[in-house]
Structures are given as structure tokens and as C-alpha cells.
$ cat coords-v1.json   # JSON, C-alpha atoms and all ligand atoms
[["chain", "number", "residue", "atom", "x", "y", "z"],
["A", 1, "MET", "CA", -28.99, -92.83, -6.89],
["A", 2, "ASN", "CA", -25.72, -90.90, -6.93],
["A", 3, "HIS", "CA", -22.98, -92.92, -8.69],
["A", 4, "LEU", "CA", -20.18, -90.35, -8.21],
["A", 5, "TYR", "CA", -17.09, -91.45, -6.29],
["A", 6, "PRO", "CA", -15.64, -88.75, -4.02],
["A", 7, "ILE", "CA", -11.88, -88.43, -3.62],
["A", 8, "PHE", "CA", -9.80, -85.96, -1.58],
["A", 9, "LEU", "CA", -7.19, -84.36, -3.80],
["A", 10, "LYS", "CA", -3.84, -82.92, -2.68],
["A", 11, "VAL", "CA", -4.34, -79.79, -4.77],
["A", 12, "HIS", "CA", -1.31, -78.22, -3.06],
["A", 13, "GLU", "CA", 0.74, -80.79, -5.00],
["A", 14, "LEU", "CA", -1.33, -80.86, -8.20],
["A", 15, "ASN", "CA", -1.52, -78.18, -10.88],
["A", 16, "VAL", "CA", -4.97, -76.74, -11.46],
["A", 17, "LEU", "CA", -5.84, -74.59, -14.47],
["A", 18, "LEU", "CA", -8.80, -72.24, -14.07],
["A", 19, "VAL", "CA", -9.96, -70.38, -17.19],
["A", 20, "GLY", "CA", -12.12, -67.30, -16.59],
["A", 21, "GLY", "CA", -11.82, -64.52, -14.03],
["A", 22, "GLY", "CA", -15.44, -63.34, -13.78],
["A", 23, "ASN", "CA", -18.22, -64.04, -11.28],
["A", 24, "VAL", "CA", -18.26, -67.79, -11.69],
["A", 25, "GLY", "CA", -14.44, -68.01, -11.75],
["A", 26, "THR", "CA", -14.36, -66.01, -8.51],
["A", 27, "GLU", "CA", -16.80, -68.36, -6.81],
["A", 28, "LYS", "CA", -14.84, -71.44, -7.90],
["A", 29, "LEU", "CA", -11.49, -69.98, -6.80],
["A", 30, "GLU", "CA", -12.93, -68.80, -3.49],
["A", 31, "PHE", "CA", -14.27, -72.26, -2.58],
["A", 32, "LEU", "CA", -11.11, -73.98, -3.80],
["A", 33, "LEU", "CA", -8.90, -71.78, -1.62],
["A", 34, "LYS", "CA", -11.27, -71.91, 1.35],
["A", 35, "SER", "CA", -10.86, -75.67, 1.43],
["A", 36, "SER", "CA", -7.26, -75.82, 0.16],
["A", 37, "PRO", "CA", -5.44, -72.53, 0.87],
["A", 38, "GLN", "CA", -2.21, -73.77, -0.74],
["A", 39, "ALA", "CA", -3.87, -75.02, -3.94],
["A", 40, "GLN", "CA", -1.57, -74.57, -6.95],
["A", 41, "VAL", "CA", -3.80, -72.68, -9.38],
["A", 42, "THR", "CA", -2.94, -70.98, -12.66],
["A", 43, "VAL", "CA", -5.70, -68.71, -13.88],
["A", 44, "VAL", "CA", -5.97, -67.62, -17.52],
["A", 45, "ALA", "CA", -8.51, -64.94, -18.42],
["A", 46, "LYS", "CA", -8.88, -62.14, -20.92],
["A", 47, "ALA", "CA", -9.77, -59.89, -17.98],
["A", 48, "PHE", "CA", -10.22, -60.24, -14.21],
["A", 49, "ILE", "CA", -13.01, -58.57, -12.26],
["A", 50, "PRO", "CA", -11.92, -56.73, -9.05],
["A", 51, "ALA", "CA", -13.62, -59.32, -6.80],
["A", 52, "PHE", "CA", -11.55, -62.05, -8.46],
["A", 53, "LEU", "CA", -8.29, -60.15, -7.92],
["A", 54, "GLU", "CA", -9.20, -59.64, -4.26],
["A", 55, "VAL", "CA", -9.57, -63.40, -3.73],
["A", 56, "ALA", "CA", -6.44, -64.24, -5.76],
["A", 57, "GLU", "CA", -4.28, -61.67, -3.92],
["A", 58, "ARG", "CA", -4.91, -63.42, -0.59],
["A", 59, "SER", "CA", -3.08, -66.49, -1.87],
["A", 60, "GLU", "CA", 0.59, -67.04, -2.62],
["A", 61, "THR", "CA", -0.02, -70.10, -4.78],
["A", 62, "VAL", "CA", -2.28, -68.52, -7.41],
["A", 63, "THR", "CA", -0.67, -67.35, -10.68],
["A", 64, "LEU", "CA", -2.61, -65.00, -12.94],
["A", 65, "ILE", "CA", -2.14, -64.84, -16.72],
["A", 66, "GLU", "CA", -4.05, -62.17, -18.61],
["A", 67, "ASP", "CA", -4.55, -63.81, -21.96],
["A", 68, "GLU", "CA", -7.03, -65.62, -24.14],
["A", 69, "TYR", "CA", -7.25, -69.35, -23.50],
["A", 70, "HIS", "CA", -4.83, -71.36, -25.60],
["A", 71, "GLU", "CA", -4.22, -75.09, -25.66],
["A", 72, "LYS", "CA", -0.64, -74.49, -24.45],
["A", 73, "TYR", "CA", -1.98, -73.59, -21.00],
["A", 74, "LEU", "CA", -3.02, -77.23, -20.48],
["A", 75, "GLY", "CA", 0.66, -78.23, -20.40],
["A", 76, "GLY", "CA", 1.74, -79.57, -17.00],
["A", 77, "LYS", "CA", -1.78, -79.44, -15.55],
["A", 78, "HIS", "CA", -3.63, -82.24, -13.79],
["A", 79, "ILE", "CA", -7.09, -80.70, -13.44],
["A", 80, "VAL", "CA", -8.93, -78.07, -15.47],
["A", 81, "ILE", "CA", -11.87, -75.85, -14.56],
["A", 82, "ALA", "CA", -13.49, -73.89, -17.41],
["A", 83, "ALA", "CA", -15.48, -70.85, -16.25],
["A", 84, "THR", "CA", -15.62, -68.43, -19.17],
["A", 85, "ASP", "CA", -18.82, -66.82, -20.47],
["A", 86, "ASP", "CA", -18.12, -68.20, -23.94],
["A", 87, "LYS", "CA", -19.76, -71.59, -24.46],
["A", 88, "ALA", "CA", -17.61, -72.40, -27.51],
["A", 89, "VAL", "CA", -14.41, -71.67, -25.56],
["A", 90, "ASN", "CA", -15.60, -73.80, -22.63],
["A", 91, "ARG", "CA", -16.33, -76.61, -25.08],
["A", 92, "GLN", "CA", -12.88, -76.21, -26.70],
["A", 93, "ILE", "CA", -11.18, -76.33, -23.26],
["A", 94, "ARG", "CA", -13.13, -79.45, -22.42],
["A", 95, "ASP", "CA", -12.31, -81.19, -25.72],
["A", 96, "GLU", "CA", -8.60, -80.31, -25.59],
["A", 97, "ALA", "CA", -8.38, -81.39, -21.95],
["A", 98, "LYS", "CA", -10.06, -84.71, -22.77],
["A", 99, "GLU", "CA", -7.55, -85.34, -25.57],
["A", 100, "ARG", "CA", -4.89, -85.21, -22.85],
["A", 101, "PHE", "CA", -6.90, -87.36, -20.43],
["A", 102, "LEU", "CA", -7.09, -84.45, -17.98],
["A", 103, "LEU", "CA", -9.99, -84.23, -15.57],
["A", 104, "VAL", "CA", -12.20, -81.30, -16.47],
["A", 105, "ASN", "CA", -15.03, -79.34, -14.84],
["A", 106, "VAL", "CA", -17.05, -76.89, -16.89],
["A", 107, "ALA", "CA", -18.67, -74.68, -14.27],
["A", 108, "ASP", "CA", -22.43, -74.97, -14.16],
["A", 109, "THR", "CA", -22.48, -77.39, -17.12],
["A", 110, "PRO", "CA", -22.93, -80.92, -15.73],
["A", 111, "GLU", "CA", -22.97, -82.66, -19.11],
["A", 112, "LEU", "CA", -19.42, -81.45, -19.89],
["A", 113, "CYS", "CA", -17.94, -82.33, -16.46],
["A", 114, "ASP", "CA", -15.74, -85.30, -15.48],
["A", 115, "PHE", "CA", -16.20, -84.23, -11.88],
["A", 116, "TYR", "CA", -18.32, -81.78, -9.91],
["A", 117, "LEU", "CA", -17.16, -79.39, -7.24],
["A", 118, "GLY", "CA", -19.09, -80.03, -4.07],
["A", 119, "GLY", "CA", -20.16, -78.37, -0.88],
["A", 120, "ILE", "CA", -17.26, -78.76, 1.59],
["A", 121, "VAL", "CA", -17.17, -78.66, 5.37],
["A", 122, "THR", "CA", -13.76, -78.45, 7.09],
["A", 123, "LYS", "CA", -13.24, -78.71, 10.85],
["A", 124, "GLY", "CA", -9.52, -79.09, 11.42],
["A", 125, "ASN", "CA", -8.59, -82.53, 10.11],
["A", 126, "LEU", "CA", -12.17, -83.46, 9.37],
["A", 127, "LYS", "CA", -13.49, -82.82, 5.87],
["A", 128, "ILE", "CA", -16.94, -83.65, 4.55],
["A", 129, "ALA", "CA", -17.81, -83.31, 0.86],
["A", 130, "ILE", "CA", -21.43, -82.99, -0.25],
["A", 131, "SER", "CA", -22.90, -83.79, -3.65],
["A", 132, "THR", "CA", -26.51, -83.72, -4.76],
["A", 133, "ASN", "CA", -25.55, -85.38, -8.05],
["A", 134, "GLY", "CA", -25.94, -81.97, -9.67],
["A", 135, "LYS", "CA", -29.65, -81.90, -8.78],
["A", 136, "SER", "CA", -29.53, -78.98, -6.39],
["A", 137, "PRO", "CA", -26.27, -77.08, -5.76],
["A", 138, "THR", "CA", -28.24, -74.76, -3.48],
["A", 139, "THR", "CA", -29.09, -77.71, -1.23],
["A", 140, "ALA", "CA", -25.38, -78.65, -1.18],
["A", 141, "LYS", "CA", -24.67, -75.09, -0.04],
["A", 142, "ARG", "CA", -27.38, -75.16, 2.67],
["A", 143, "LEU", "CA", -26.23, -78.55, 3.98],
["A", 144, "ARG", "CA", -22.66, -77.26, 4.06],
["A", 145, "GLN", "CA", -23.79, -74.26, 6.12],
["A", 146, "LEU", "CA", -25.84, -76.48, 8.44],
["A", 147, "LEU", "CA", -22.95, -78.89, 9.08],
["A", 148, "GLU", "CA", -20.50, -76.01, 9.59],
["A", 149, "GLU", "CA", -22.89, -74.75, 12.27],
["A", 150, "VAL", "CA", -23.70, -77.99, 14.10],
["A", 151, "LEU", "CA", -20.32, -79.74, 14.07],
["A", 152, "PRO", "CA", -18.30, -78.41, 17.02],
["A", 153, "GLU", "CA", -14.72, -77.20, 16.49],
["A", 154, "GLU", "CA", -13.78, -79.68, 19.26],
["A", 155, "ILE", "CA", -14.39, -82.55, 16.84],
["A", 156, "ASP", "CA", -10.79, -81.98, 15.73],
["A", 157, "ASP", "CA", -9.60, -82.54, 19.34],
["A", 158, "LEU", "CA", -11.40, -85.89, 19.25],
["A", 159, "LEU", "CA", -9.51, -86.88, 16.08],
["A", 160, "GLU", "CA", -6.17, -85.73, 17.51],
["A", 161, "ASN", "CA", -6.77, -87.53, 20.84],
["A", 162, "LEU", "CA", -7.78, -90.77, 19.15],
["A", 163, "HIS", "CA", -4.73, -90.54, 16.90],
["A", 164, "ALA", "CA", -2.46, -90.05, 19.95],
["A", 165, "TYR", "CA", -4.18, -92.87, 21.83],
["A", 166, "ARG", "CA", -3.72, -95.24, 18.88],
["A", 167, "ASP", "CA", 0.01, -94.51, 18.95],
["A", 168, "THR", "CA", 0.19, -95.61, 22.60],
["A", 169, "LEU", "CA", -1.37, -99.00, 21.87],
["A", 170, "LYS", "CA", 1.01, -101.94, 21.92],
["A", 171, "GLY", "CA", -0.04, -104.96, 19.92],
["A", 172, "ASP", "CA", -0.64, -106.06, 16.37],
["A", 173, "PHE", "CA", -2.91, -104.45, 13.78],
["A", 174, "GLU", "CA", -5.86, -106.63, 14.72],
["A", 175, "TYR", "CA", -5.58, -105.65, 18.38],
["A", 176, "LYS", "CA", -5.47, -101.96, 17.47],
["A", 177, "VAL", "CA", -8.53, -102.23, 15.23],
["A", 178, "LYS", "CA", -10.45, -103.88, 18.05],
["A", 179, "ALA", "CA", -9.32, -101.38, 20.69],
["A", 180, "MET", "CA", -10.13, -98.34, 18.49],
["A", 181, "ASN", "CA", -13.54, -99.76, 17.59],
["A", 182, "GLU", "CA", -14.43, -100.42, 21.23],
["A", 183, "LEU", "CA", -13.32, -96.96, 22.28],
["A", 184, "THR", "CA", -15.42, -95.21, 19.63],
["A", 185, "GLU", "CA", -18.49, -97.44, 19.89],
["A", 186, "GLY", "CA", -20.32, -94.76, 21.90],
["A", 187, "LEU", "CA", -20.24, -92.43, 18.88],
["A", 188, "VAL", "CA", -22.73, -94.59, 16.99],
["A", 189, "LYS", "CA", -24.52, -96.50, 19.76],
["A", 190, "LYS", "CA", -28.26, -95.85, 19.82],
["A", 191, "ARG", "CA", -29.42, -94.48, 23.12],
["B", 1, "LIG", "C1", -23.17, -79.81, -11.40],
["B", 1, "LIG", "C2", -22.37, -78.67, -10.74],
["B", 1, "LIG", "C3", -21.14, -78.53, -11.63],
["B", 1, "LIG", "C4", -20.07, -77.63, -11.07],
["B", 1, "LIG", "O1", -20.17, -76.42, -11.26],
["B", 1, "LIG", "O2", -19.13, -78.19, -10.45],
["B", 1, "LIG", "C5", -23.15, -77.39, -10.63],
["B", 1, "LIG", "C6", -24.01, -76.93, -11.59],
["B", 1, "LIG", "C7", -24.83, -75.78, -11.58],
["B", 1, "LIG", "N1", -24.79, -74.80, -10.61],
["B", 1, "LIG", "C8", -25.75, -73.84, -10.89],
["B", 1, "LIG", "C9", -26.05, -72.73, -10.11],
["B", 1, "LIG", "C10", -25.68, -72.51, -8.76],
["B", 1, "LIG", "N2", -24.60, -73.10, -8.14],
["B", 1, "LIG", "C11", -24.59, -72.71, -6.84],
["B", 1, "LIG", "C12", -23.59, -73.09, -5.91],
["B", 1, "LIG", "C13", -22.68, -74.11, -5.99],
["B", 1, "LIG", "N3", -22.59, -75.01, -7.02],
["B", 1, "LIG", "C14", -21.74, -76.01, -6.73],
["B", 1, "LIG", "C15", -21.52, -77.14, -7.50],
["B", 1, "LIG", "C16", -22.13, -77.52, -8.68],
["B", 1, "LIG", "N4", -22.88, -76.72, -9.47],
["B", 1, "LIG", "C17", -22.00, -78.90, -9.27],
["B", 1, "LIG", "C18", -23.00, -79.87, -8.62],
["B", 1, "LIG", "C19", -22.73, -80.13, -7.14],
["B", 1, "LIG", "C20", -23.72, -81.12, -6.61],
["B", 1, "LIG", "O3", -23.61, -82.30, -6.96],
["B", 1, "LIG", "O4", -24.59, -80.74, -5.81],
["B", 1, "LIG", "C21", -21.15, -75.83, -5.34],
["B", 1, "LIG", "C22", -21.73, -76.92, -4.42],
["B", 1, "LIG", "C23", -19.66, -75.95, -5.27],
["B", 1, "LIG", "C24", -18.85, -74.93, -6.04],
["B", 1, "LIG", "O5", -19.32, -74.22, -6.91],
["B", 1, "LIG", "O6", -17.67, -74.83, -5.67],
["B", 1, "LIG", "C25", -21.62, -74.39, -4.96],
["B", 1, "LIG", "C26", -22.08, -74.21, -3.49],
["B", 1, "LIG", "C27", -20.85, -74.10, -2.61],
["B", 1, "LIG", "C28", -21.13, -73.76, -1.20],
["B", 1, "LIG", "O7", -21.75, -72.71, -0.91],
["B", 1, "LIG", "O8", -20.67, -74.52, -0.32],
["B", 1, "LIG", "C29", -25.69, -71.85, -6.59],
["B", 1, "LIG", "C30", -26.13, -71.38, -5.21],
["B", 1, "LIG", "C31", -25.71, -70.02, -4.84],
["B", 1, "LIG", "O9", -24.79, -69.47, -5.43],
["B", 1, "LIG", "O10", -26.34, -69.53, -3.89],
["B", 1, "LIG", "C32", -26.34, -71.67, -7.82],
["B", 1, "LIG", "C33", -27.54, -70.76, -8.12],
["B", 1, "LIG", "C34", -28.83, -71.47, -7.86],
["B", 1, "LIG", "C35", -29.25, -72.37, -9.00],
["B", 1, "LIG", "O11", -29.34, -71.89, -10.12],
["B", 1, "LIG", "O12", -29.53, -73.55, -8.71],
["B", 1, "LIG", "C36", -26.37, -74.18, -12.13],
["B", 1, "LIG", "C37", -27.47, -73.39, -12.81],
["B", 1, "LIG", "C38", -26.81, -72.36, -13.76],
["B", 1, "LIG", "C39", -27.84, -71.66, -14.62],
["B", 1, "LIG", "O13", -28.84, -71.17, -14.10],
["B", 1, "LIG", "O14", -27.59, -71.63, -15.83],
["B", 1, "LIG", "C40", -25.80, -75.38, -12.55],
["B", 1, "LIG", "C41", -26.13, -76.14, -13.84],
["B", 1, "LIG", "C42", -27.26, -77.10, -13.66],
["B", 1, "LIG", "O15", -27.75, -77.30, -12.54],
["B", 1, "LIG", "O16", -27.64, -77.66, -14.68],
["B", 2, "LIG", "N1", -22.79, -65.13, -12.76],
["B", 2, "LIG", "C1", -23.55, -66.11, -12.33],
["B", 2, "LIG", "O1", -23.89, -66.20, -11.14],
["B", 2, "LIG", "C2", -24.02, -67.15, -13.30],
["B", 2, "LIG", "C3", -23.43, -67.27, -14.54],
["B", 2, "LIG", "N2", -23.78, -68.27, -15.40],
["B", 2, "LIG", "C4", -23.13, -68.46, -16.67],
["B", 2, "LIG", "O2", -21.75, -68.77, -16.45],
["B", 2, "LIG", "C5", -20.93, -68.15, -17.43],
["B", 2, "LIG", "C6", -19.86, -67.30, -16.80],
["B", 2, "LIG", "O3", -20.49, -66.25, -16.11],
["B", 2, "LIG", "P1", -19.69, -65.10, -15.38],
["B", 2, "LIG", "O4", -18.54, -65.66, -14.64],
["B", 2, "LIG", "O5", -20.68, -64.32, -14.62],
["B", 2, "LIG", "O6", -19.15, -64.25, -16.60],
["B", 2, "LIG", "P2", -18.17, -63.03, -16.55],
["B", 2, "LIG", "O7", -18.42, -62.21, -17.76],
["B", 2, "LIG", "O8", -18.17, -62.37, -15.20],
["B", 2, "LIG", "O9", -16.72, -63.71, -16.68],
["B", 2, "LIG", "C7", -16.30, -64.36, -17.83],
["B", 2, "LIG", "C8", -14.80, -64.51, -17.76],
["B", 2, "LIG", "O10", -14.34, -65.30, -18.85],
["B", 2, "LIG", "C9", -13.23, -64.67, -19.44],
["B", 2, "LIG", "N3", -13.12, -65.10, -20.84],
["B", 2, "LIG", "C10", -14.05, -65.04, -21.82],
["B", 2, "LIG", "N4", -13.56, -65.57, -22.97],
["B", 2, "LIG", "C11", -12.29, -65.98, -22.70],
["B", 2, "LIG", "C12", -11.27, -66.61, -23.45],
["B", 2, "LIG", "N5", -11.44, -66.91, -24.75],
["B", 2, "LIG", "N6", -10.09, -66.88, -22.85],
["B", 2, "LIG", "C13", -9.89, -66.57, -21.54],
["B", 2, "LIG", "N7", -10.83, -65.97, -20.76],
["B", 2, "LIG", "C14", -12.00, -65.68, -21.34],
["B", 2, "LIG", "C15", -13.49, -63.19, -19.29],
["B", 2, "LIG", "O11", -12.31, -62.44, -19.44],
["B", 2, "LIG", "C16", -14.00, -63.19, -17.85],
["B", 2, "LIG", "O12", -12.93, -63.21, -16.94],
["B", 2, "LIG", "C17", -21.86, -67.37, -18.34],
["B", 2, "LIG", "O13", -22.10, -68.18, -19.46],
["B", 2, "LIG", "C18", -23.11, -67.19, -17.53],
["B", 2, "LIG", "O14", -24.24, -67.15, -18.37],
["B", 2, "LIG", "C19", -24.72, -69.18, -15.00],
["B", 2, "LIG", "C20", -25.34, -69.09, -13.81],
["B", 2, "LIG", "C21", -25.06, -68.08, -12.86]]
$ encode --input "coords-v1.json" --output "C-alpha cells"
Amino acid sequence: MNHLYPIFLKVHELNVLLVGGGNVGTEKLEFLLKSSPQAQVTVVAKAFIPAFLEVAERSETVTLIEDEYHEKYLGGKHIVIAATDDKAVNRQIRDEAKERFLLVNVADTPELCDFYLGGIVTKGNLKIAISTNGKSPTTAKRLRQLLEEVLPEEIDDLLENLHAYRDTLKGDFEYKVKAMNELTEGLVKKR
């Protein structure tokens, strides 16, 4: 049983701190920006690998700070992702973030995480997040790839059309709920 509760964060309006600019940091930043290209991310690392810089340069909302992690970098942040190769530093980031009641993810270390990053499928306005409860990130990746493949791009047209249709409906809330449910019944009806 997976007890995690998924939420969809407006990371373009929240301040994210990422510590570490190596392989794992690159992967985290890449997936964050793929899903949320305007994510407000400050990255602190002693050094950045070229692949990291390549990903960061594509974004206008990523700020890089070449420095050792210090508690001061938690100021003004809502969410923290620790991705250094130093376990003690990751632990320190986690402890100092917790003192401030910030939500923290220590990459690849489930026991130190308040939340996990998931596999994410985006088709226009549709977004699906996948979690295996930390049991198999590779399965989350494969499911993400599968859904990206099988869900048609046109699914976004469906959402837009239904949204437009809802706006044309005259009547109270109850009437609209009924009309929208009848119209979309075919999506779940068993043949
Ligand atoms: C708990 C969690 C915490 C977190 O990091 O947030 C976590 C933990 C760990 N990851 C590990 C390794 C790998 N992670 C991936 C890939 C992804 N990992 C992601 C999330 C999560 N990883 C969270 C759980 C999500 C869930 O609930 O399912 C994804 C979905 C999202 C993202 O990273 O943004 C992203 C796919 C994105 C995509 O493609 O869509 C691959 C696959 C690959 O790269 O091909 C490998 C190598 C294969 C392997 O080793 O399994 C290890 C072992 C480290 C070691 O060996 O020491 C641990 C630690 C452990 O399992 O104990
Ligand atoms: N590379 C991979 O695919 C995997 C890595 N891991 C583990 O994840 C951890 C991170 O791995 P990588 O990203 O590959 O390491 P890496 O060596 O590529 O990157 C580490 C990053 O942390 C930064 N850093 C280290 N100490 C710092 C500090 N005090 N303040 C600020 N920045 C600091 C470095 O400057 C660098 O940018 C390691 O512990 C590794 O064992 C686990 C599974 C897979």
C-alpha cells in the first residue's frame, strides 16, 4: 500500500534550493525543468559538471551559486533537494531544513525524504505523476515512457473542448456537473 499523497506544486512561484551539481543533481534538475520549465531553482554546489551547466543554461529561472552548502542558503526557500556526494552534508541539509519546517528530498535516500520525486507525464494540460512508493524508480521511469507513448497529444484538445463546452452551459452547478458527467460517460463505459 502506498500512503503518499500527491500534490501538484506551482514551482514557478515557489523557491526551490538544489544542492549539488553532479550527475544526480543534473538528473533532478532535468526532470524538474522538463515538467516545470519556469521552476524557480537556486543551485548551490562546490563545482558543476558540464552536463549540469548545459541543462541549467537552457533555463532563465535557474540561479547558480558556486559555493559550499551553508545554512544561509535555506533562507527564503520552500522546498529543498539535497544531491551532494557527501552523506554528512546531505544529512546536515536535511536536519537544517527540518528545523525550518521546509520540505526536503535527499536524492536516492528514501529514509531522509519528506517527499519523493516521481515519474511525470505531461500532455498539454494533462499531468500524471507516478510513484512506486520508492520500491522501483526504474518502473516509474518505464511507466512514464509507456504513458508518454500511448496517450495521444490530442488528449489536450479533449480537455480544452470540454472546458469550452462547460463555459457554454447555462444553469446552476448541479446542472453543470450532471451535463459534464453525461458527456464524458463514454470515456469510462465498458464496451
Ligand atoms: C525514493 C526516491 C527518492 C528520490 O530520489 O526522490 C528514489 C530513490 C532511489 N533511486 C535510485 C536509483 C535510480 N533512480 C532512477 C530514476 C528515478 N528515480 C526517481 C525517483 C526516486 N528515486 C524516488 C522514488 C520514486 C518512486 O516512488 O518510485 C524518478 C522517478 C524521478 C526523479 O528522479 O526525478 C527517476 C525516474 C524519472 C523518469 O525517468 O521519469 C533510476 C533509473 C534510471 O536512471 O534509469 C535509478 C537506477 C536504478 C536503480 O538503482 O534502481 C536509488 C538507488 C541508488 C543506489 O543504488 O544507491 C534509490 C534509493 C533506494 O531505492 O533506496
Ligand atoms: N551517479 C549516479 O547515477 C548515482 C549516484 N549515487 C550516489 O548519489 C550521490 C551523488 O552522486 P553524483 O551526483 O554522481 O556525485 P557527483 O560527484 O557527480 O556530484 C556531487 C556534487 O555535490 C557537490 N558537493 C559536494 N559537497 C558539497 C558541499 N559541501 N556543498 C555544496 N556542494 C557539494 C559537488 O560539487 C558536486 O557538484 C553519491 O553519494 C553517489 O554515491 C547513487 C546512485 C546512482
$ atom_distance --input "coords-v1.json" --atom1 "CA of Pro110 (chain A)" --atom2 "atom C18 of ligand LIG 1 (chain B)"
7.2 Å
$ residues_around --input "coords-v1.json" --residues "region 77-82 of chain A" --least-positions-apart "4" --cutoff "10 Å" --atoms "all atoms listed in the file" --output "ChimeraX atom specification"
/A:11,13-20,24-25,28-29,40-44,69,73,86-87,89-94,97-98,100-109,112-117
$ write_last_selection --input "coords-v1.json" --atoms "C-alpha atoms" --output "compact mmCIF listing (two decimals), keeping the file's coordinate frame"
# COMPACT_ATOMS: atom_id res chain seq x y z
CA VAL A 11 -4.34 -79.79 -4.77
CA GLU A 13 0.74 -80.79 -5.00
CA LEU A 14 -1.33 -80.86 -8.20
CA ASN A 15 -1.52 -78.18 -10.88
CA VAL A 16 -4.97 -76.74 -11.46
CA LEU A 17 -5.84 -74.59 -14.47
CA LEU A 18 -8.80 -72.24 -14.07
CA VAL A 19 -9.96 -70.38 -17.19
CA GLY A 20 -12.12 -67.30 -16.59
CA VAL A 24 -18.26 -67.79 -11.69
CA GLY A 25 -14.44 -68.01 -11.75
CA LYS A 28 -14.84 -71.44 -7.90
CA LEU A 29 -11.49 -69.98 -6.80
CA GLN A 40 -1.57 -74.57 -6.95
CA VAL A 41 -3.80 -72.68 -9.38
CA THR A 42 -2.94 -70.98 -12.66
CA VAL A 43 -5.70 -68.71 -13.88
CA VAL A 44 -5.97 -67.62 -17.52
CA TYR A 69 -7.25 -69.35 -23.50
CA TYR A 73 -1.98 -73.59 -21.00
CA ASP A 86 -18.12 -68.20 -23.94
CA LYS A 87 -19.76 -71.59 -24.46
CA VAL A 89 -14.41 -71.67 -25.56
CA ASN A 90 -15.60 -73.80 -22.63
CA ARG A 91 -16.33 -76.61 -25.08
CA GLN A 92 -12.88 -76.21 -26.70
CA ILE A 93 -11.18 -76.33 -23.26
CA ARG A 94 -13.13 -79.45 -22.42
CA ALA A 97 -8.38 -81.39 -21.95
CA LYS A 98 -10.06 -84.71 -22.77
CA ARG A 100 -4.89 -85.21 -22.85
CA PHE A 101 -6.90 -87.36 -20.43
CA LEU A 102 -7.09 -84.45 -17.98
CA LEU A 103 -9.99 -84.23 -15.57
CA VAL A 104 -12.20 -81.30 -16.47
CA ASN A 105 -15.03 -79.34 -14.84
CA VAL A 106 -17.05 -76.89 -16.89
CA ALA A 107 -18.67 -74.68 -14.27
CA ASP A 108 -22.43 -74.97 -14.16
CA THR A 109 -22.48 -77.39 -17.12
CA LEU A 112 -19.42 -81.45 -19.89
CA CYS A 113 -17.94 -82.33 -16.46
CA ASP A 114 -15.74 -85.30 -15.48
CA PHE A 115 -16.20 -84.23 -11.88
CA TYR A 116 -18.32 -81.78 -9.91
CA LEU A 117 -17.16 -79.39 -7.24
$ closest_residue --input "coords-v1.json" --among "A:Lys141, A:His163, A:Arg58, A:His12" --to "ligand LIG 1 (chain B)" --atoms "only C-alpha atoms and all ligand atoms"
A:Lys141
$ residues_around --input "coords-v1.json" --residues "Lys135 (chain A)" --least-positions-apart "2" --cutoff "12 Å" --atoms "all atoms listed in the file" --output "list of chain:residue names"
A:Met1, A:Asn2, A:Asp108, A:Thr109, A:Pro110, A:Tyr116, A:Gly118, A:Ile130, A:Ser131, A:Thr132, A:Asn133, A:Pro137, A:Thr138, A:Thr139, A:Ala140
$ write_last_selection --input "coords-v1.json" --atoms "C-alpha atoms" --output "PDB file, in the coordinates of the input"
ATOM      1  CA  MET A   1     -28.990 -92.830  -6.890  1.00  0.00           C
ATOM      2  CA  ASN A   2     -25.720 -90.900  -6.930  1.00  0.00           C
ATOM      3  CA  ASP A 108     -22.430 -74.970 -14.160  1.00  0.00           C
ATOM      4  CA  THR A 109     -22.480 -77.390 -17.120  1.00  0.00           C
ATOM      5  CA  PRO A 110     -22.930 -80.920 -15.730  1.00  0.00           C
ATOM      6  CA  TYR A 116     -18.320 -81.780  -9.910  1.00  0.00           C
ATOM      7  CA  GLY A 118     -19.090 -80.030  -4.070  1.00  0.00           C
ATOM      8  CA  ILE A 130     -21.430 -82.990  -0.250  1.00  0.00           C
ATOM      9  CA  SER A 131     -22.900 -83.790  -3.650  1.00  0.00           C
ATOM     10  CA  THR A 132     -26.510 -83.720  -4.760  1.00  0.00           C
ATOM     11  CA  ASN A 133     -25.550 -85.380  -8.050  1.00  0.00           C
ATOM     12  CA  PRO A 137     -26.270 -77.080  -5.760  1.00  0.00           C
ATOM     13  CA  THR A 138     -28.240 -74.760  -3.480  1.00  0.00           C
ATOM     14  CA  THR A 139     -29.090 -77.710  -1.230  1.00  0.00           C
ATOM     15  CA  ALA A 140     -25.380 -78.650  -1.180  1.00  0.00           C
TER      16      ALA A 140
END
$ closest_residue --input "coords-v1.json" --among "A:His3, A:Ala39, A:Ala88, A:Phe8" --to "ligand LIG 2 (chain B)" --atoms "all atoms listed in the file"
A:Ala88
$ closest_residue --input "coords-v1.json" --among "A:Ile7, A:Val121, A:Ala164, A:Ile49" --to "Leu147 (chain A)" --atoms "only C-alpha atoms"
A:Val121
$ atom_distance --input "coords-v1.json" --atom1 "atom O13 of ligand LIG 1 (chain B)" --atom2 "CA of Thr26 (chain A)"
16.4 Å
$ residues_near_point --input "coords-v1.json" --point "(-19.5, -75.4, 12.3)" --cutoff "12 Å" --atoms "only C-alpha atoms" --output "JSON, numbers by chain"
{"A": [120, 121, 122, 123, 124, 126, 127, 128, 143, 144, 145, 146, 147, 148, 149, 150, 151, 152, 153, 154, 155, 156]}
$ closest_residue --input "coords-v1.json" --among "A:Glu182, A:Asp95, A:Asp157, A:Glu66" --to "Lys46 (chain A)" --atoms "all atoms listed in the file"
A:Glu66
$ atom_distance --input "coords-v1.json" --atom1 "CA of Ala47 (chain A)" --atom2 "atom C19 of ligand LIG 1 (chain B)"
26.4 Å
$ closest_residue --input "coords-v1.json" --among "A:Arg166, A:Lys34, A:Lys10, A:Arg142" --to "Met180 (chain A)" --atoms "all atoms listed in the file"
A:Arg166
$ axis_aligned_box --input "coords-v1.json" --around "ligand LIG 1 (chain B)" --padding-each-side "4 Å" --output "AutoDock Vina command-line options"
--center_x -23.6 --center_y -75.9 --center_z -8.1 --size_x 19.9 --size_y 20.8 --size_z 23.5
$ closest_residue --input "coords-v1.json" --among "A:Phe52, A:Phe31, A:Leu162, A:Val188" --to "Lys176 (chain A)" --atoms "all atoms listed in the file"
A:Leu162
